[in-house]
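Colleague: Questions regarding the structure given below will be posed in turn.
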Amino acid sequence: VAEVIGGGVAEVRVPARCRLVEGRSAAWAATARDILRAEGLVVLRGLLPSGLVRAARGACLRALDRGGALDPDWPLDDARVAQECMEGVREPPSLLRRLDVQQLPAVLRVLEHTALFSAAAQMLGVDEVVTTAYKWLRAVPPGKFTGPHMDRAYVGAGARLTAWVPLGDVSAEPGGSGALCWVPGSHVEPAVVERFRDHQSAGADGERSGWLAPDPGELRLPPSARGWRSADFAPGDVAFFGMDLLHTTVPNGSGSFRLSCDTRWQSADIPTHAGPNVGPWRGPQR
């Protein structure tokens, strides 16, 4: 069972006026870097304009609706899963392979927003960053989740970051749509580092084969490890974390799809990783 954090733990609220251009000396950025270094993850509240996030959500939902994945008796924004998918008559669609949806202008306006480039550079302490052209865009159906893993298995170890971007409200409480969940400090806890030292790469599919266990409850953690944590997310919130953080997602306990995306970031000055499902890296598209 994950503890749901609150009250400012592992999070920083980004003032709207500071989303775009501020140096690394900005107070919120310095605080966020300190949290990221110590906890392995920091939630930047309000980093992205919520209106753009909702527009990206709408674009994804319209694609799901055209595929018959949504219940027509519910409002589109509820992302309610069609009965045929719930009953197993039809396989719920995956957005991981929908390159057309990932590259929609409304979606890219969020996943490659200037604020993400700026925040990633600030978190890494560099001047310029690049991101992968491929996006790990997900529509997670009820009962599903991503198993425990470290992102180095997918995009390589080193000074890289993942930005987890929820496209809508995500609750970590029972009955919620399945929030991000992590073990604070697991990136530097010696016993955790030693136990999972060999977890360096996923299989050829670049997806489920990178899991450390079928679900978090079956993963044996060292006694010195801190417990699982989670948090609620609103449109515009983004979680940044490094390649060595042990994390998972809470199973989707709702009747709707959870829409979210993993984006990857690194300095523009170091060699990029070209493992499974990573593809080319790029800077801001002008």
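Letters A, B, ... mark the chains of the structure tokens in the order given; residue numbers begin at 1 per chain; ligand numbers begin at 1, in order shown.
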Apply DSSP to the backbone of this structure and, from stretch 8-160 of chain A, keep only the residues in strand (DSSP E or B); write these as a compact mmCIF listing (two decimals) with C-alpha atoms, in the first residue's frame.

Modeller:
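Below is the file that was written, result09.txt:
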```txt
# COMPACT_ATOMS: atom_id res chain seq x y z
CA GLU A 11 6.77 18.87 -4.75
CA VAL A 12 7.21 22.47 -5.86
CA ARG A 13 4.55 24.79 -7.25
CA LEU A 41 11.64 12.53 -7.88
CA VAL A 42 10.05 15.96 -7.78
CA VAL A 43 6.50 16.92 -8.72
CA LEU A 44 6.31 20.32 -10.41
CA ARG A 45 2.79 21.56 -9.78
CA LEU A 70 -15.18 4.65 -25.39
CA ARG A 80 -15.29 5.80 -19.94
CA VAL A 81 -14.23 2.45 -21.37
CA VAL A 129 18.33 19.57 -23.52
CA VAL A 130 16.96 17.19 -26.13
CA THR A 131 14.01 14.80 -25.94
CA THR A 132 13.01 11.66 -27.80
CA TRP A 136 5.45 6.70 -24.35
CA LEU A 137 1.79 7.72 -24.63
CA ARG A 138 -0.58 5.51 -22.66
CA ALA A 139 -4.32 4.89 -22.34
CA VAL A 140 -4.38 2.56 -19.34
CA HIS A 149 11.07 -0.92 -12.82
CA ARG A 160 18.79 11.50 -18.12
```

Colleague: Excluding same-chain residues fewer than 3 positions from A:Ala179, what lies within 6 Å of it counting only C-alpha atoms, as a CSV table (one decimal) with N, CA and C atoms, in the first residue's frame?

Modeller:
```csv
chain,number,residue,atom,x,y,z
A,170,VAL,N,-5.6,12.7,-11.9
A,170,VAL,CA,-5.2,11.3,-11.6
A,170,VAL,C,-5.2,11.2,-10.0
A,172,ALA,N,-4.6,9.0,-6.6
A,172,ALA,CA,-3.9,7.8,-6.0
A,172,ALA,C,-4.7,7.0,-5.1
A,249,THR,N,3.2,2.2,-11.4
A,249,THR,CA,1.9,2.9,-11.3
A,249,THR,C,0.9,2.1,-10.5
A,250,VAL,N,0.0,2.9,-9.8
A,250,VAL,CA,-1.1,2.2,-9.1
A,250,VAL,C,-2.1,1.6,-10.1
```

Colleague: Name the closest residue to A:Ala225 among the candidates A:Ser254, A:His187, A:Arg66, A:Ala239; distances are taken between atoms, counting only C-alpha atoms.

Modeller: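 Looking only at the distances to A:Ala225, the closest residue turns out to be A:His187.
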
Colleague: Measuring between only C-alpha atoms, which one of A:Gly40, A:Gly88, A:Gly255, A:Gly147 shows the shortest distance to A:Leu161?

Modeller: A:Gly40

Colleague: Report as number ranges by chain all protein, DNA and RNA residues lying within 8 Å of A:Pro280, evaluated on only C-alpha atoms, omitting residues in the same chain fewer than 2 positions from it.

Modeller: A: 132-134, 274, 278, 282

Colleague: Quick one: write out the picked residues with all heavy atoms as a short mmCIF file (atom, residue, chain, number, x, y, z; two decimals), in the first residue's frame?

Modeller:
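The resulting file, out.cif, is shown below:
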```cif
data_model
loop_
_atom_site.label_atom_id
_atom_site.label_comp_id
_atom_site.auth_asym_id
_atom_site.auth_seq_id
_atom_site.Cartn_x
_atom_site.Cartn_y
_atom_site.Cartn_z
N THR A 132 13.24 12.66 -26.77
CA THR A 132 13.01 11.66 -27.80
C THR A 132 11.81 12.05 -28.67
O THR A 132 10.80 12.56 -28.16
CB THR A 132 12.74 10.27 -27.20
OG1 THR A 132 11.67 10.37 -26.25
CG2 THR A 132 13.97 9.74 -26.49
N ALA A 133 11.94 11.80 -29.97
CA ALA A 133 10.80 12.03 -30.87
C ALA A 133 9.67 11.09 -30.53
O ALA A 133 8.49 11.45 -30.61
CB ALA A 133 11.24 11.85 -32.32
N TYR A 134 10.00 9.86 -30.11
CA TYR A 134 8.98 8.90 -29.69
C TYR A 134 8.48 9.26 -28.29
O TYR A 134 9.26 9.67 -27.43
CB TYR A 134 9.56 7.47 -29.69
CG TYR A 134 8.58 6.43 -29.18
CD1 TYR A 134 7.58 5.95 -30.02
CD2 TYR A 134 8.64 5.96 -27.88
CE1 TYR A 134 6.68 5.01 -29.57
CE2 TYR A 134 7.74 5.02 -27.42
CZ TYR A 134 6.75 4.54 -28.26
OH TYR A 134 5.85 3.61 -27.80
N ALA A 274 20.27 4.92 -27.94
CA ALA A 274 19.44 4.47 -29.07
C ALA A 274 18.97 3.04 -28.86
O ALA A 274 19.08 2.19 -29.73
CB ALA A 274 20.21 4.59 -30.38
N VAL A 278 13.36 3.80 -28.58
CA VAL A 278 13.77 5.15 -28.21
C VAL A 278 13.78 6.07 -29.42
O VAL A 278 13.16 7.12 -29.42
CB VAL A 278 15.16 5.15 -27.52
CG1 VAL A 278 15.63 6.58 -27.28
CG2 VAL A 278 15.09 4.39 -26.21
N ARG A 282 15.73 15.00 -30.18
CA ARG A 282 15.67 16.27 -30.87
C ARG A 282 15.45 17.42 -29.88
O ARG A 282 14.96 17.23 -28.76
CB ARG A 282 14.54 16.26 -31.89
CG ARG A 282 13.13 16.14 -31.30
CD ARG A 282 12.12 15.87 -32.40
NE ARG A 282 10.74 15.90 -31.91
CZ ARG A 282 9.69 15.46 -32.61
NH1 ARG A 282 9.88 14.96 -33.81
NH2 ARG A 282 8.47 15.54 -32.11
#
```

Colleague: Report the distance between atom CA of A:Thr162 and atom CA of A:Gln103 in Å, rounded to one decimal place.

Modeller: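 If I compute the distance from atom CA of A:Thr162 to atom CA of A:Gln103, I get 18.6 Å.
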
Colleague: Would you please extract all alpha helix (DSSP H) residues from stretch 175-239 of chain A, as assigned by DSSP on the backbone, and give them as a PyMOL selection string?

Modeller: chain A and resi 190-195

Colleague: Excluding same-chain residues fewer than 2 positions from A:Thr263, what lies within 7 Å of it counting only C-alpha atoms, as a ChimeraX atom specification?

Modeller: /A:135-136,162-164,261,265

Colleague: A:Pro142: which residues within 12 Å, counting only C-alpha atoms, same-chain residues fewer than 2 positions away excluded, as a PyMOL selection string?

Modeller: chain A and resi 79-83+85-88+92+139-140+144-145+175-178+250-259

Colleague: Measuring between only C-alpha atoms, which one of A:Pro141, A:Gly158, A:Pro184, A:Pro174 shows the shortest distance to A:Ala10?

Modeller: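 Smallest separation from A:Ala10 among the options: A:Pro184.
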
Colleague: Which polymer residues have any atom within 8 Å of an atom of A:Ala121, counting only C-alpha atoms, with same-chain residues fewer than 5 positions away left out, as a compact mmCIF listing (two decimals) with C-alpha atoms, in the first residue's frame?

Modeller:
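selection-v4.txt, freshly written:
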```txt
# COMPACT_ATOMS: atom_id res chain seq x y z
CA VAL A 126 22.57 22.33 -18.17
CA ASP A 127 21.92 24.99 -20.79
CA GLU A 128 20.13 22.92 -23.45
CA VAL A 129 18.33 19.57 -23.52
CA GLN A 266 18.99 14.70 -21.43
CA SER A 267 21.66 17.30 -22.05
```

Colleague: Looking at only C-alpha atoms, which of A:Gly283, A:Pro271, A:Gly156, A:Pro214 is the one that sits closest to A:Gly242?

Modeller: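 Of the candidates, the smallest distance to A:Gly242 is held by A:Gly156.
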